[in-house]
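J.: Input: one structure, supplied below.
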Amino acid sequence: MFSPVESEQGFNFKPELPTSSAYYRLLKKLRRQVGHAIRDYKMIEEGDKVMVCVSGGKDSYTLLDILLQFKRIAPINFDVVAVNLDQKQPGFPEDVLPKYLEENNIPYYILEKDTYSITKRLTPEGKTYCAVCSRLRRGSLYGFAQEIGATKVALGHHRDDIIATFFLNLFHGGSLKAMPPKLLSSDKKNILIRPLAYVEEKDIIKYAEIRKFPIIPCNLCGSQENLQRAMLNDMLREWDKQYPKRLHSIFGALQNVSPSQLADRDLFDFEKLDEEREFDMKCDTEEMKKRLDVVNLSFAAD
């Protein structure tokens with residue numbers, strides 16, 4: 001495990017940024033979307049220590065990059081520390097992340113745990129590694145967040161991840177749920193935040209390419225074919241090409257839930273509807289009889 005690394009001048013994240021107008025338009029869009037997500041869900045507050053989980057993929061690099069820029073310009077003070085879990089996958093380039101983080105004067109930890117061999121051992125033949133791998137990762141990272149005094153744990157899931165999770169649960173889990181932008185962990189010890197919740201994956205791909213992040217491919221779940229999530233992602237990308245506003249509408253639906261229009265009895269008290277029904281007591285019996293006579297006449301005419 002490595003200790004946090006800082007330059008001799010202290011924290012000083014000022015990377016060499018591209019200068020094209022296309023880059024600045026994209027950066028402005030990402031900052032706006034991340035800023036709105038942080039504001040809407042009160043993700044980061046004064047004095048927070050935000051632990052950013054960095055895998056070496058495009059999403060976590062982008063998240064770390066944007067949060068570090070916000071650290072410099074935000075009207076509140078908060079700290080950012082990068083944490084990578086080295087899962088001891090064969091062929092994993094251990095030098096890539098430390099080199100990037102040190103060159104950019106970013107405080108970081110490398111947490112070394114052999115979750116790779118445990119995942120391989122516990123996953124039944126023919127099944128995907130995702131469930132076991134993510135559970136082991138979460139346990140390691142959430143526990144480490146407590147050790148270093150992190151008040152928030154930032155994850156790199158974006159809008160399309162949230163939508164894909166919704167459809168995974170809908171198609172295969174029999175439930176209406178996705179990934180919330182902010183969540184209290186099941187042990188109630190960590191607040192998890194997803195600042196990229198409003199950001200589209202295609203914009204992250206463009207941003208990572210422009211910034212030339214040293215991407216580290218996943219050789220565990222990323223090497224398995226026919227993953228349900230991968231197939232869903234293909235479906236979402238195809239929808240986005242054919243119907244550009246569809247994913248925006250789906251995500252909007254996740255923010256506009258009407259429990260009374262669904263069928264979950266725990267979420268909405270359908271039994272109380274009878275009690276809440278209102279009768280028009282002002283209508284006298286004679287008036288009601290006249291109305292019924294008119295209705296009966298209309299049926300007779302038909």
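Naming works like this for the structure tokens: A, B, ... for the chains as they're shown, residue 1 at the start of each chain, ligands 1 onward in shown order.
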Which residues, written as a PyMOL selection string, have at least one atom at most 7 Å from range 85-101 of chain A, with only C-alpha atoms counted and residues fewer than 2 positions away on the same chain left out?

T.: chain A and resi 56+83+103-106+110-116

J.: Taking the backbone alone, and naming residues the way the document does, which bits of range 171-212 of chain A are strand (DSSP E) by DSSP, as a PyMOL selection string?

T.: chain A and resi 182-184+191-193

J.: Nearest to Val153 in chain A among A:Met43, A:Leu136, A:Met179, A:Ala253, with distances taken over only C-alpha atoms: which residue is it?

T.: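 Selected residue with least distance to Val153 in chain A: A:Met43.
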
J.: Hey, which of A:Asp187, A:Asp269, A:Asp59, A:Asp274 ends up closest to Lys202 in chain A? Count only C-alpha atoms.

T.: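 Among the listed residues, A:Asp59 lies closest to Lys202 in chain A.
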
J.: Name the residues of range 147-292 of chain A that come out as alpha helix (DSSP H) in a backbone DSSP run; write them as number ranges by chain.

T.: A: 147, 159-168, 201-211, 228-242, 246-254, 273-276, 285-292

J.: Could you check the closest approach to Arg246 in chain A for each of A:Glu45, A:Asp203, A:Asp266, A:Asp160 and tell me which residue wins, using only C-alpha atoms?

T.: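 Closest to Arg246 in chain A of all the choices is A:Asp160.
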
J.: Leaving out Thr151 in chain A and any residue of its chain fewer than 3 positions from it, which residues lie within 7 Å of it when counting only C-alpha atoms, given as a PDB file with all heavy atoms, in the first residue's frame?

T.:
ATOM      1  N   ASP A  48     -15.783  18.249   3.554  1.00  0.00           N
ATOM      2  CA  ASP A  48     -15.814  16.829   3.173  1.00  0.00           C
ATOM      3  C   ASP A  48     -14.444  16.335   2.733  1.00  0.00           C
ATOM      4  O   ASP A  48     -13.650  17.081   2.143  1.00  0.00           O
ATOM      5  CB  ASP A  48     -16.804  16.598   2.022  1.00  0.00           C
ATOM      6  CG  ASP A  48     -18.196  16.243   2.507  1.00  0.00           C
ATOM      7  OD1 ASP A  48     -18.333  15.789   3.660  1.00  0.00           O
ATOM      8  OD2 ASP A  48     -19.161  16.422   1.738  1.00  0.00           O
ATOM      9  N   LYS A  49     -14.191  15.064   3.007  1.00  0.00           N
ATOM     10  CA  LYS A  49     -13.035  14.369   2.437  1.00  0.00           C
ATOM     11  C   LYS A  49     -13.596  13.318   1.483  1.00  0.00           C
ATOM     12  O   LYS A  49     -14.207  12.337   1.915  1.00  0.00           O
ATOM     13  CB  LYS A  49     -12.183  13.705   3.518  1.00  0.00           C
ATOM     14  CG  LYS A  49     -10.939  13.005   2.978  1.00  0.00           C
ATOM     15  CD  LYS A  49     -10.062  12.482   4.097  1.00  0.00           C
ATOM     16  CE  LYS A  49      -8.770  11.874   3.542  1.00  0.00           C
ATOM     17  NZ  LYS A  49      -7.868  11.413   4.631  1.00  0.00           N
ATOM     18  N   VAL A  50     -13.420  13.554   0.188  1.00  0.00           N
ATOM     19  CA  VAL A  50     -14.030  12.704  -0.833  1.00  0.00           C
ATOM     20  C   VAL A  50     -13.013  11.670  -1.325  1.00  0.00           C
ATOM     21  O   VAL A  50     -11.972  12.018  -1.881  1.00  0.00           O
ATOM     22  CB  VAL A  50     -14.535  13.543  -2.020  1.00  0.00           C
ATOM     23  CG1 VAL A  50     -15.212  12.638  -3.059  1.00  0.00           C
ATOM     24  CG2 VAL A  50     -15.499  14.627  -1.551  1.00  0.00           C
ATOM     25  N   ILE A 191     -21.397   7.235   2.950  1.00  0.00           N
ATOM     26  CA  ILE A 191     -22.268   7.902   1.986  1.00  0.00           C
ATOM     27  C   ILE A 191     -21.624   7.771   0.611  1.00  0.00           C
ATOM     28  O   ILE A 191     -20.494   8.219   0.402  1.00  0.00           O
ATOM     29  CB  ILE A 191     -22.459   9.394   2.321  1.00  0.00           C
ATOM     30  CG1 ILE A 191     -23.186   9.556   3.649  1.00  0.00           C
ATOM     31  CG2 ILE A 191     -23.224  10.101   1.204  1.00  0.00           C
ATOM     32  CD1 ILE A 191     -24.649   9.163   3.615  1.00  0.00           C
TER      33      ILE A 191
END

J.: One decimal, Å: what's the distance from CA of Arg135 in chain A over to CA of Glu209 in chain A, could you say?

T.: 29.9 Å

J.: Which one of A:Ile148, A:Ile38, A:Ile73, A:Val257 sits closest to Lys177 in chain A if you count only C-alpha atoms?

T.: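 Closest to Lys177 in chain A of all the choices is A:Val257.
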
J.: Restricting the calculation to only C-alpha atoms, which member of A:Ile66, A:Ala37, A:Leu27, A:Val52 is positioned closest to Lys182 in chain A?

T.: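 Selected residue with least distance to Lys182 in chain A: A:Ala37.
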
J.: Which residues come within 12 Å of Tyr61 in chain A, counting only C-alpha atoms, excluding same-chain residues fewer than 4 positions away, as a PyMOL selection string?

T.: chain A and resi 52-57+65-68+82-84+97+100-101+106+154-157+196+204-205+207-209+211-216

J.: Given the selection you just returned, output its residues as a file containing C-alpha atoms, formatted as an mmCIF file, in the first residue's frame.

T.:
data_model
loop_
_atom_site.group_PDB
_atom_site.id
_atom_site.type_symbol
_atom_site.label_atom_id
_atom_site.label_comp_id
_atom_site.auth_asym_id
_atom_site.auth_seq_id
_atom_site.Cartn_x
_atom_site.Cartn_y
_atom_site.Cartn_z
ATOM 1 C CA VAL A 52 -12.611 8.813 -5.397
ATOM 2 C CA CYS A 53 -12.493 5.148 -6.402
ATOM 3 C CA VAL A 54 -10.160 4.999 -9.410
ATOM 4 C CA SER A 55 -10.049 1.809 -11.454
ATOM 5 C CA GLY A 56 -8.021 3.099 -14.377
ATOM 6 C CA GLY A 57 -11.046 3.230 -16.685
ATOM 7 C CA ASP A 65 -10.385 15.042 -13.154
ATOM 8 C CA ILE A 66 -13.628 17.028 -12.845
ATOM 9 C CA LEU A 67 -13.738 16.849 -9.030
ATOM 10 C CA LEU A 68 -10.152 18.092 -8.812
ATOM 11 C CA ALA A 82 -7.764 8.879 -5.132
ATOM 12 C CA VAL A 83 -7.909 5.222 -4.111
ATOM 13 C CA ASN A 84 -7.215 2.271 -6.370
ATOM 14 C CA LEU A 97 -1.899 4.735 -12.037
ATOM 15 C CA TYR A 100 -0.268 9.366 -13.561
ATOM 16 C CA LEU A 101 -1.257 10.410 -10.040
ATOM 17 C CA ILE A 106 -2.780 13.951 -6.770
ATOM 18 C CA ALA A 154 -17.315 8.880 -5.040
ATOM 19 C CA LEU A 155 -18.056 6.264 -7.710
ATOM 20 C CA GLY A 156 -17.711 6.739 -11.465
ATOM 21 C CA HIS A 157 -21.119 5.476 -12.614
ATOM 22 C CA LEU A 196 -21.469 11.675 -13.074
ATOM 23 C CA ILE A 204 -17.018 10.657 -21.204
ATOM 24 C CA ILE A 205 -15.507 8.701 -24.107
ATOM 25 C CA TYR A 207 -13.362 13.609 -22.871
ATOM 26 C CA ALA A 208 -11.075 10.667 -22.036
ATOM 27 C CA GLU A 209 -9.767 10.624 -25.608
ATOM 28 C CA ARG A 211 -7.370 14.240 -22.176
ATOM 29 C CA LYS A 212 -5.390 11.142 -23.184
ATOM 30 C CA PHE A 213 -5.925 9.312 -19.908
ATOM 31 C CA PRO A 214 -3.764 6.156 -19.563
ATOM 32 C CA ILE A 215 -6.676 3.700 -19.672
ATOM 33 C CA ILE A 216 -6.195 0.302 -18.032
#

J.: Of the residues A:Lys206, A:His172, A:Arg159, A:Arg31, which is the one nearest to Ser249 in chain A, using only C-alpha atoms?

T.: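 Residue with the minimum atom-to-atom distance to Ser249 in chain A: A:Arg159.
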
J.: What does the structure give for the distance between CA of Leu168 in chain A and CA of Thr119 in chain A, in Å to one decimal?

T.: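 So the two atoms, CA of Leu168 in chain A and CA of Thr119 in chain A, lie 21.4 Å apart.
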
J.: Which distance in Å separates CA of Gly149 in chain A and CA of Asp79 in chain A, to one decimal?

T.: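 Value for the CA of Gly149 in chain A-CA of Asp79 in chain A distance: 11.1 Å.
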